[in-house]
Amino acid sequence: ATYTIVTIVGSLRKASFSLKIANALAKMAPASLKLDVTTLHDISFFNQDLEAAPPADWLRFREKLQKSNGVLFVTPEYNRSIPGVLKNAIDVGSRPYGKSSFLGKPVGIVSNSPGALGGVSAAKHLQNILPGISGPILGQPEIYLNAVGDAFDEKGELVKEAVQKVLQQYIDAFAAFVEQQNR
Ligand code: FNR
């Protein structure tokens, strides 16, 4: 079987490392996984006043999640947490109450940073946010990619072998997890 994974990129930046990592993962994923790399530019602000007649962009995002077999977050850390655009998208996907579009979906988290700590605080915050609204989160292996600043060439290709290796290990483990959860 082929499993579709909504791969949510936590940065809107054109040259985003998170986006490059998501694209690299899409290329190295085993044949059983199709990574649908999804940026959050067009998701409007969550506002409870709009819930009775939700904007089309919310409905599109929710439907995409519902049709998927899993969700992979690839995100930077902003001020020791997740970027606001990512929290907004999670809030949008989590509603209406009790009908989260993430429900039952196996989740993977790939935090990253050009700095030393690999966005670990962002990943930990996601682990706090998600359990009430999603399926299970892959616990092992963990991945907090640090020093990603020199991992890509000017064409956006992943050139750092150590990064390539851990990403491959992660996506293989995630594929096995998704398969198990979708059985
Ligand atoms: C950052 N950055 C950052 N890095 C980190 O490791 N821990 C942090 O808490 C923060 N905080 C932070 C706040 C804000 C507002 C910005 C703009 C940046 C640096 C961040 O890791 C760096 O800009 C990444 O390149 C952002 O990810 P993308 O856009 O490359 O995916």
# chains A, B, ... in the order shown; residues from 1 in each chain; ligands from 1

$ closest_atom_pairs --of "stretch 112-182 of chain A" --to "stretch 69-91 of chain A" --cutoff "6 Å" --atoms "only C-alpha atoms" --output "tab-separated table"
residue	atom	partner	partner_atom	distance
A:Asn112	CA	A:Pro76	CA	5.2
A:Ser113	CA	A:Pro76	CA	5.9
A:Gly119	CA	A:Glu77	CA	4.8
A:Ser121	CA	A:Arg80	CA	5.3
A:Ala122	CA	A:Ser81	CA	4.3

$ select_by_dssp --residues "stretch 75-108 of chain A" --states "helix (DSSP H, G or I)" --output "list of chain:residue names"
A:Gly84, A:Val85, A:Leu86, A:Lys87, A:Asn88, A:Ala89, A:Ile90, A:Asp91, A:Val92, A:Gly93, A:Ser94

$ select_by_dssp --residues "stretch 32-112 of chain A" --states "strand (DSSP E)" --output "PyMOL selection string"
chain A and resi 33-38+70-76+107-112

$ atom_distance --atom1 "atom CA of A:Val163" --atom2 "atom CA of A:Thr2"
25.4 Å

$ closest_residue --among "A:Val9, A:Ala24, A:Ala31, A:Val37" --to "ligand 1" --atoms "only C-alpha atoms and all ligand atoms"
A:Val9

$ residues_around --residues "A:Arg13" --least-positions-apart "5" --cutoff "10 Å" --atoms "only C-alpha atoms" --output "PyMOL selection string"
chain A and resi 18-19+39+41

$ write_last_selection --atoms "N, CA and C atoms" --output "compact mmCIF listing (two decimals), in the first residue's frame"
# COMPACT_ATOMS: atom_id res chain seq x y z
N SER A 18 13.71 24.06 6.87
CA SER A 18 12.64 23.09 7.14
C SER A 18 12.02 22.59 5.83
N LEU A 19 11.79 23.52 4.91
CA LEU A 19 11.24 23.14 3.60
C LEU A 19 12.21 22.22 2.85
N THR A 39 3.01 23.73 2.71
CA THR A 39 3.36 24.96 3.42
C THR A 39 2.08 25.67 3.85
N HIS A 41 1.22 29.03 3.89
CA HIS A 41 1.00 30.42 3.46
C HIS A 41 -0.47 30.82 3.39

$ residues_around --residues "A:Ala123" --least-positions-apart "3" --cutoff "6 Å" --atoms "only C-alpha atoms" --output "list of chain:residue names"
A:Ser111, A:Val120, A:Leu126

$ write_last_selection --atoms "all heavy atoms" --output "PDB file, in the first residue's frame"
ATOM      1  N   SER A 111      12.264  18.359  14.167  1.00  0.00           N
ATOM      2  CA  SER A 111      12.646  19.747  14.430  1.00  0.00           C
ATOM      3  C   SER A 111      14.052  19.965  13.906  1.00  0.00           C
ATOM      4  O   SER A 111      14.817  19.019  13.710  1.00  0.00           O
ATOM      5  CB  SER A 111      12.577  20.058  15.921  1.00  0.00           C
ATOM      6  OG  SER A 111      13.589  19.360  16.621  1.00  0.00           O
ATOM      7  N   VAL A 120      14.933  21.452  19.682  1.00  0.00           N
ATOM      8  CA  VAL A 120      14.362  20.444  20.587  1.00  0.00           C
ATOM      9  C   VAL A 120      13.168  20.985  21.373  1.00  0.00           C
ATOM     10  O   VAL A 120      12.198  20.269  21.617  1.00  0.00           O
ATOM     11  CB  VAL A 120      15.448  19.848  21.518  1.00  0.00           C
ATOM     12  CG1 VAL A 120      16.088  20.903  22.385  1.00  0.00           C
ATOM     13  CG2 VAL A 120      14.881  18.725  22.376  1.00  0.00           C
ATOM     14  N   LEU A 126       5.441  20.500  20.600  1.00  0.00           N
ATOM     15  CA  LEU A 126       4.504  19.741  19.760  1.00  0.00           C
ATOM     16  C   LEU A 126       4.027  18.489  20.480  1.00  0.00           C
ATOM     17  O   LEU A 126       2.854  18.111  20.405  1.00  0.00           O
ATOM     18  CB  LEU A 126       5.171  19.344  18.435  1.00  0.00           C
ATOM     19  CG  LEU A 126       5.127  20.360  17.306  1.00  0.00           C
ATOM     20  CD1 LEU A 126       5.914  19.827  16.111  1.00  0.00           C
ATOM     21  CD2 LEU A 126       3.689  20.656  16.900  1.00  0.00           C
TER      22      LEU A 126
END

$ closest_residue --among "A:His125, A:Lys34, A:Arg183, A:Lys27" --to "ligand 1" --atoms "only C-alpha atoms and all ligand atoms"
A:His125

$ residues_around --residues "A:Thr4" --least-positions-apart "2" --cutoff "10 Å" --atoms "only C-alpha atoms" --output "PyMOL selection string"
chain A and resi 1-2+6-7+32-36+64-65+67-71+178

$ closest_residue --among "A:Phe45, A:Tyr144, A:Phe17, A:Phe177" --to "ligand 1" --atoms "only C-alpha atoms and all ligand atoms"
A:Phe17

$ closest_residue --among "A:Leu40, A:Phe152, A:Gln181, A:Gln169" --to "A:Ile21" --atoms "only C-alpha atoms"
A:Phe152

$ atom_distance --atom1 "atom CA of A:Gly98" --atom2 "atom CA of A:Arg60"
18.5 Å

$ closest_residue --among "A:Ala52, A:Ile5, A:Leu59, A:Ala116" --to "A:Gly149" --atoms "only C-alpha atoms"
A:Ala116

$ atom_distance --atom1 "atom CA of A:Leu50" --atom2 "atom CA of A:Phe102"
20.0 Å

$ closest_residue --among "A:Leu138, A:Leu145, A:Leu158, A:Ala22" --to "A:Ile8" --atoms "only C-alpha atoms"
A:Ala22

$ residues_around --residues "A:Glu157" --least-positions-apart "6" --cutoff "9 Å" --atoms "only C-alpha atoms" --output "compact mmCIF listing (two decimals) with all heavy atoms, in the first residue's frame"
# COMPACT_ATOMS: atom_id res chain seq x y z
N LYS A 20 13.50 22.58 2.91
CA LYS A 20 14.50 21.75 2.21
C LYS A 20 14.56 20.35 2.83
O LYS A 20 14.72 19.35 2.12
CB LYS A 20 15.87 22.42 2.28
CG LYS A 20 15.98 23.64 1.36
CD LYS A 20 17.30 24.36 1.57
CE LYS A 20 17.33 25.65 0.75
NZ LYS A 20 18.40 26.55 1.18
N ASN A 23 11.56 18.41 1.66
CA ASN A 23 11.75 17.95 0.28
C ASN A 23 12.75 16.79 0.20
O ASN A 23 12.56 15.85 -0.57
CB ASN A 23 12.21 19.11 -0.61
CG ASN A 23 11.07 20.08 -0.91
OD1 ASN A 23 9.91 19.67 -0.97
ND2 ASN A 23 11.40 21.35 -1.09
N ALA A 24 13.80 16.88 1.01
CA ALA A 24 14.79 15.79 1.04
C ALA A 24 14.14 14.51 1.56
O ALA A 24 14.36 13.41 1.01
CB ALA A 24 15.98 16.18 1.92
N ALA A 151 23.99 22.16 5.44
CA ALA A 151 23.55 20.82 5.01
C ALA A 151 23.13 20.77 3.54
O ALA A 151 23.04 19.68 2.96
CB ALA A 151 22.41 20.32 5.88
